[in-house]
$ cat run.cif   # mmCIF, C-alpha atoms
data_data
#
loop_
_atom_site.label_atom_id
_atom_site.label_comp_id
_atom_site.auth_asym_id
_atom_site.auth_seq_id
_atom_site.Cartn_x
_atom_site.Cartn_y
_atom_site.Cartn_z
CA LYS A 1 80.69 142.67 84.29
CA GLN A 2 77.68 140.99 82.68
CA GLU A 3 75.49 143.26 80.59
CA VAL A 4 72.13 142.15 79.19
CA THR A 5 70.37 143.98 76.39
CA GLN A 6 66.88 143.49 75.03
CA ILE A 7 65.76 144.94 71.73
CA PRO A 8 63.23 146.24 70.91
CA ALA A 9 62.08 147.98 74.07
CA ALA A 10 58.48 147.78 72.87
CA LEU A 11 56.64 145.74 70.28
CA SER A 12 53.05 145.80 69.07
CA VAL A 13 51.64 142.99 66.93
CA PRO A 14 48.20 141.83 65.77
CA GLU A 15 46.70 138.75 67.37
CA GLY A 16 47.75 135.46 65.82
CA GLU A 17 51.18 136.61 64.71
CA ASN A 18 54.32 134.64 65.55
CA LEU A 19 57.01 136.81 67.09
CA VAL A 20 60.57 136.74 68.36
CA LEU A 21 62.02 138.64 71.31
CA ASN A 22 65.75 139.12 71.47
CA CYS A 23 68.22 139.07 74.36
CA SER A 24 71.98 139.55 74.14
CA PHE A 25 74.58 139.17 76.88
CA THR A 26 78.26 140.07 77.07
CA ASP A 27 79.73 137.32 79.27
CA SER A 28 79.20 133.97 77.58
CA ALA A 29 80.50 131.95 80.57
CA ILE A 30 76.98 131.43 81.85
CA TYR A 31 75.36 128.41 83.49
CA ASN A 32 71.92 129.21 82.18
CA LEU A 33 69.58 131.95 81.02
CA GLN A 34 66.09 132.67 82.24
CA TRP A 35 63.08 134.32 80.65
CA PHE A 36 60.40 135.98 82.76
CA ARG A 37 57.11 137.71 82.20
CA GLN A 38 55.92 140.71 84.18
CA ASP A 39 52.38 142.05 84.12
CA PRO A 40 51.80 145.69 85.16
CA GLY A 41 52.03 146.11 88.92
CA LYS A 42 52.92 142.47 89.46
CA GLY A 43 55.95 140.38 90.25
CA LEU A 44 57.90 138.35 87.71
CA THR A 45 56.70 134.97 86.51
CA SER A 46 59.29 132.45 85.37
CA LEU A 47 58.66 131.25 81.81
CA LEU A 48 61.67 129.20 80.80
CA LEU A 49 65.16 128.40 82.02
CA ILE A 50 67.73 127.14 79.50
CA GLN A 51 70.80 125.38 80.79
CA SER A 52 74.10 126.13 79.08
CA SER A 53 74.17 122.53 77.77
CA GLN A 54 70.82 122.99 76.02
CA ARG A 55 70.11 124.89 72.84
CA GLU A 56 66.33 125.11 73.18
CA GLN A 57 63.60 124.85 75.76
CA THR A 58 59.87 124.72 75.06
CA SER A 59 56.77 125.37 77.10
CA GLY A 60 53.45 125.42 75.28
CA ARG A 61 53.53 128.21 72.67
CA LEU A 62 56.88 129.46 73.95
CA ASN A 63 60.27 128.37 72.69
CA ALA A 64 63.54 129.79 73.94
CA SER A 65 66.92 129.26 72.34
CA LEU A 66 70.41 129.92 73.63
CA ASP A 67 73.58 130.50 71.61
CA LYS A 68 76.44 131.09 74.03
CA SER A 69 79.03 131.60 71.32
CA SER A 70 77.18 134.59 69.91
CA GLY A 71 75.91 135.81 73.28
CA ARG A 72 72.27 135.64 72.22
CA SER A 73 68.98 134.16 73.31
CA THR A 74 65.61 134.41 71.63
CA LEU A 75 62.09 133.85 72.91
CA TYR A 76 59.67 132.71 70.22
CA ILE A 77 55.96 133.13 70.86
CA ALA A 78 53.67 131.27 68.48
CA ALA A 79 50.15 132.39 67.59
CA SER A 80 50.19 135.39 69.91
CA GLN A 81 47.11 136.25 71.97
CA PRO A 82 46.02 139.45 73.76
CA GLY A 83 46.72 137.66 77.04
CA ASP A 84 50.39 137.52 76.06
CA SER A 85 50.61 141.29 76.47
CA ALA A 86 53.21 141.94 79.17
CA THR A 87 56.84 142.87 79.62
CA TYR A 88 59.27 140.05 78.91
CA LEU A 89 62.63 140.05 80.65
CA CYS A 90 65.66 137.87 80.22
CA ALA A 91 68.29 137.35 82.91
CA ALA A 92 71.79 135.90 82.80
CA PRO A 93 74.12 135.03 85.68
CA SER A 94 76.50 137.80 86.71
CA ASP A 95 80.26 137.29 86.63
CA GLY A 96 80.08 133.51 86.63
CA SER A 97 77.91 133.32 89.74
CA ALA A 98 74.85 131.18 89.25
CA ARG A 99 73.09 132.97 92.10
CA GLN A 100 73.38 136.58 91.00
CA LEU A 101 71.36 137.52 87.93
CA THR A 102 71.71 140.50 85.61
CA PHE A 103 68.41 141.47 84.03
CA GLY A 104 67.70 143.12 80.73
CA SER A 105 65.40 146.14 80.65
CA GLY A 106 62.68 144.10 79.02
CA THR A 107 60.53 144.16 75.90
CA GLN A 108 57.02 145.48 76.41
CA LEU A 109 54.74 143.41 74.19
CA THR A 110 51.24 144.45 73.16
CA VAL A 111 49.10 141.98 71.22
CA LEU A 112 46.19 143.74 69.56
CA PRO A 113 42.86 141.89 69.24
CA ASP B 1 52.53 131.07 92.89
CA ALA B 2 55.60 129.63 94.62
CA GLY B 3 54.36 130.43 98.13
CA ILE B 4 56.05 133.79 98.58
CA THR B 5 54.53 136.71 100.42
CA GLN B 6 55.90 140.15 101.04
CA SER B 7 54.87 142.61 103.71
CA PRO B 8 53.95 145.35 103.70
CA ARG B 9 52.76 145.64 100.11
CA HIS B 10 52.81 149.42 100.21
CA LYS B 11 54.62 151.79 102.54
CA VAL B 12 55.14 155.53 102.76
CA THR B 13 57.83 156.74 105.11
CA GLU B 14 59.94 159.81 105.78
CA THR B 15 63.61 160.38 105.10
CA GLY B 16 65.79 159.21 107.96
CA THR B 17 63.42 156.63 109.40
CA PRO B 18 64.25 152.91 109.54
CA VAL B 19 62.20 150.56 107.39
CA THR B 20 62.03 146.77 107.41
CA LEU B 21 60.50 144.71 104.62
CA ARG B 22 59.66 141.08 105.13
CA CYS B 23 59.73 138.17 102.72
CA HIS B 24 58.15 134.90 103.79
CA GLN B 25 58.23 131.61 101.89
CA THR B 26 56.44 128.35 102.53
CA GLU B 27 58.32 126.22 99.99
CA ASN B 28 61.57 125.51 101.87
CA HIS B 29 63.78 126.99 99.14
CA ARG B 30 67.42 127.38 100.11
CA TYR B 31 68.16 130.71 98.44
CA MET B 32 66.38 134.01 98.94
CA TYR B 33 66.99 137.33 97.20
CA TRP B 34 66.06 140.98 97.46
CA TYR B 35 65.85 143.09 94.27
CA ARG B 36 64.80 146.61 93.55
CA GLN B 37 63.16 147.69 90.30
CA ASP B 38 63.46 151.24 89.01
CA PRO B 39 62.61 152.86 85.68
CA GLY B 40 65.74 153.12 83.58
CA HIS B 41 67.67 150.66 85.75
CA GLY B 42 65.61 147.52 85.59
CA LEU B 43 65.92 144.90 88.28
CA ARG B 44 69.05 144.98 90.43
CA LEU B 45 70.11 142.58 93.17
CA ILE B 46 70.51 144.10 96.63
CA HIS B 47 71.40 141.11 98.83
CA TYR B 48 70.86 137.39 98.78
CA SER B 49 70.97 134.51 101.24
CA TYR B 50 72.23 130.97 100.71
CA GLY B 51 71.08 129.66 104.07
CA VAL B 52 70.11 130.61 107.58
CA LYS B 53 72.45 133.39 108.73
CA ASP B 54 74.38 133.19 105.44
CA THR B 55 74.06 136.28 103.28
CA ASP B 56 76.03 138.11 100.60
CA LYS B 57 75.95 141.48 98.88
CA GLY B 58 74.56 142.15 95.48
CA GLU B 59 75.07 144.96 93.00
CA VAL B 60 73.38 147.75 95.00
CA SER B 61 73.82 146.84 98.67
CA ASP B 62 74.86 150.23 100.08
CA GLY B 63 72.31 151.52 102.59
CA TYR B 64 70.67 148.11 103.03
CA SER B 65 71.13 145.25 105.47
CA VAL B 66 69.51 141.84 105.60
CA SER B 67 68.92 139.05 108.06
CA ARG B 68 67.76 135.48 107.81
CA SER B 69 67.19 133.80 111.15
CA LYS B 70 64.81 131.18 109.80
CA THR B 71 64.62 129.35 106.47
CA GLU B 72 61.27 130.91 105.66
CA ASP B 73 61.97 134.57 106.44
CA PHE B 74 64.33 137.08 104.82
CA LEU B 75 64.26 140.65 106.09
CA LEU B 76 65.50 143.74 104.28
CA THR B 77 66.26 146.79 106.42
CA LEU B 78 66.84 150.33 105.35
CA GLU B 79 68.63 151.74 108.40
CA SER B 80 67.91 155.36 107.49
CA ALA B 81 65.69 155.67 104.44
CA THR B 82 66.57 158.15 101.70
CA SER B 83 64.53 159.39 98.75
CA SER B 84 66.82 157.44 96.40
CA GLN B 85 65.49 154.26 98.00
CA THR B 86 62.00 154.93 96.70
CA SER B 87 61.42 151.88 94.56
CA VAL B 88 59.55 148.63 94.11
CA TYR B 89 61.22 145.85 96.07
CA PHE B 90 60.91 142.21 95.05
CA CYS B 91 61.82 139.12 96.96
CA ALA B 92 62.71 135.93 95.09
CA ILE B 93 63.51 132.35 96.02
CA SER B 94 65.28 129.43 94.40
CA GLY B 95 66.95 126.13 95.20
CA LYS B 96 64.59 123.27 95.87
CA ASP B 97 64.81 119.63 94.81
CA LEU B 98 65.79 119.21 91.15
CA ASP B 99 64.92 122.80 90.26
CA GLN B 100 67.89 124.60 91.77
CA GLU B 101 68.20 127.56 89.42
CA THR B 102 64.76 128.96 88.60
CA GLN B 103 63.95 132.08 90.60
CA TYR B 104 60.38 132.64 91.76
CA PHE B 105 59.30 136.13 92.64
CA GLY B 106 56.99 137.63 95.21
CA PRO B 107 54.34 140.28 94.46
CA GLY B 108 56.55 143.24 95.42
CA THR B 109 56.51 146.07 97.95
CA ARG B 110 56.09 149.66 96.79
CA LEU B 111 58.11 151.97 99.01
CA LEU B 112 57.86 155.75 98.86
CA VAL B 113 60.36 157.77 100.89
CA LEU B 114 59.33 161.40 101.30
#
$ encode --input "run.cif" --output "structure tokens"
Amino acid sequence: KQEVTQIPAALSVPEGENLVLNCSFTDSAIYNLQWFRQDPGKGLTSLLLIQSSQREQTSGRLNASLDKSSGRSTLYIAASQPGDSATYLCAAPSDGSARQLTFGSGTQLTVLP
Amino acid sequence: DAGITQSPRHKVTETGTPVTLRCHQTENHRYMYWYRQDPGHGLRLIHYSYGVKDTDKGEVSDGYSVSRSKTEDFLLTLESATSSQTSVYFCAISGKDLDQETQYFGPGTRLLVL
């Protein structure tokens, strides 16, 4: 059974700092891995999807990497801004199925002005 | 915004009553999903659909049923609501054109079962 872990559960940084969020998964036979953002009281917003054949994916100030062999993914946020404050979740396919996702519990990020 | 709406957005009901939540999409995505989100458990898949009248169970399907009679609508029914089904329910969609894997989420429905 796929298990996804995100550490730390919460992170507070000053504005402008570069930061890394971590995601680990137990079943490395995955097709892809997705990162999402969730603002309080809102639904999830897709940030990046990395295919298993890729090692990195970039979107603006965000860069996600995937290392299947070690069961890890990282989300790098450059030059953080207060507007980046949210909960960040990663999700990996469950038991080899590309349709069923297992989510981590998320990292709650606060960027202080 | 991937063209997903959920209704109702908030609902309070009593134990033992049936409840139906609706997810509507305007983007013609093939796959639709129902999740619940709870403190301490995160997001868990309830059911999903891979086409009209084609559905499958997720991790926490007990006590829930679904139906998809049209591409754009996916209904989640709690036959007899229990307090343990108090949660925030999210619908998601995926599977369109070259972007087959990314899941797009709706705004959620907050359900309170008294």
$ interface_residues --input "run.cif" --of "chain A" --to "chain B" --cutoff "10 Å" --atoms "all atoms listed in the file" --output "mmCIF file with C-alpha atoms, in the coordinates of the input"
data_model
loop_
_atom_site.group_PDB
_atom_site.id
_atom_site.type_symbol
_atom_site.label_atom_id
_atom_site.label_comp_id
_atom_site.auth_asym_id
_atom_site.auth_seq_id
_atom_site.Cartn_x
_atom_site.Cartn_y
_atom_site.Cartn_z
ATOM 1 C CA TYR A 31 75.360 128.410 83.490
ATOM 2 C CA ASN A 32 71.920 129.210 82.180
ATOM 3 C CA LEU A 33 69.580 131.950 81.020
ATOM 4 C CA GLN A 34 66.090 132.670 82.240
ATOM 5 C CA TRP A 35 63.080 134.320 80.650
ATOM 6 C CA PHE A 36 60.400 135.980 82.760
ATOM 7 C CA GLY A 41 52.030 146.110 88.920
ATOM 8 C CA LYS A 42 52.920 142.470 89.460
ATOM 9 C CA GLY A 43 55.950 140.380 90.250
ATOM 10 C CA LEU A 44 57.900 138.350 87.710
ATOM 11 C CA THR A 45 56.700 134.970 86.510
ATOM 12 C CA SER A 46 59.290 132.450 85.370
ATOM 13 C CA LEU A 47 58.660 131.250 81.810
ATOM 14 C CA LEU A 48 61.670 129.200 80.800
ATOM 15 C CA LEU A 49 65.160 128.400 82.020
ATOM 16 C CA ILE A 50 67.730 127.140 79.500
ATOM 17 C CA GLN A 51 70.800 125.380 80.790
ATOM 18 C CA LEU A 89 62.630 140.050 80.650
ATOM 19 C CA ALA A 91 68.290 137.350 82.910
ATOM 20 C CA SER A 94 76.500 137.800 86.710
ATOM 21 C CA ALA A 98 74.850 131.180 89.250
ATOM 22 C CA ARG A 99 73.090 132.970 92.100
ATOM 23 C CA GLN A 100 73.380 136.580 91.000
ATOM 24 C CA LEU A 101 71.360 137.520 87.930
ATOM 25 C CA THR A 102 71.710 140.500 85.610
ATOM 26 C CA PHE A 103 68.410 141.470 84.030
ATOM 27 C CA GLY A 104 67.700 143.120 80.730
ATOM 28 C CA SER A 105 65.400 146.140 80.650
ATOM 29 C CA GLY A 106 62.680 144.100 79.020
#
$ resolve_selection --input "run.cif" --expression "the PyMOL selection byres ((chain A and resi 78) around 10)" --output "mmCIF file with C-alpha atoms, in the frame of the given file"
data_model
loop_
_atom_site.group_PDB
_atom_site.id
_atom_site.type_symbol
_atom_site.label_atom_id
_atom_site.label_comp_id
_atom_site.auth_asym_id
_atom_site.auth_seq_id
_atom_site.Cartn_x
_atom_site.Cartn_y
_atom_site.Cartn_z
ATOM 1 C CA GLY A 16 47.750 135.460 65.820
ATOM 2 C CA GLU A 17 51.180 136.610 64.710
ATOM 3 C CA ASN A 18 54.320 134.640 65.550
ATOM 4 C CA LEU A 19 57.010 136.810 67.090
ATOM 5 C CA VAL A 20 60.570 136.740 68.360
ATOM 6 C CA GLY A 60 53.450 125.420 75.280
ATOM 7 C CA ARG A 61 53.530 128.210 72.670
ATOM 8 C CA LEU A 62 56.880 129.460 73.950
ATOM 9 C CA ASN A 63 60.270 128.370 72.690
ATOM 10 C CA LEU A 75 62.090 133.850 72.910
ATOM 11 C CA TYR A 76 59.670 132.710 70.220
ATOM 12 C CA ILE A 77 55.960 133.130 70.860
ATOM 13 C CA ALA A 79 50.150 132.390 67.590
ATOM 14 C CA SER A 80 50.190 135.390 69.910
ATOM 15 C CA GLN A 81 47.110 136.250 71.970
#
$ residues_near_point --input "run.cif" --point "(77.3, 131.8, 80.4)" --cutoff "8 Å" --atoms "all atoms listed in the file" --output "list of chain:residue names"
A:Asp27, A:Ser28, A:Ala29, A:Ile30, A:Tyr31, A:Asn32, A:Leu33, A:Ser52, A:Lys68, A:Ala92, A:Pro93, A:Gly96
$ resolve_selection --input "run.cif" --expression "the PyMOL selection byres ((chain A and resi 111) around 8)" --output "list in words"
Ser12, Val13, Pro14, Glu15, Ser80, Gln81, Pro82, Gly83, Asp84, Ser85, Leu109, Thr110, Leu112 and Pro113 of chain A
$ atom_distance --input "run.cif" --atom1 "atom CA of B:Arg9" --atom2 "atom CA of B:Leu76"
13.5 Å
$ residues_around --input "run.cif" --residues "B:Glu72" --least-positions-apart "4" --cutoff "7 Å" --atoms "all atoms listed in the file" --output "CSV table (one decimal) with C-alpha atoms, in the frame of the given file"
chain,number,residue,atom,x,y,z
B,24,HIS,CA,58.2,134.9,103.8
B,25,GLN,CA,58.2,131.6,101.9
B,26,THR,CA,56.4,128.4,102.5
B,28,ASN,CA,61.6,125.5,101.9
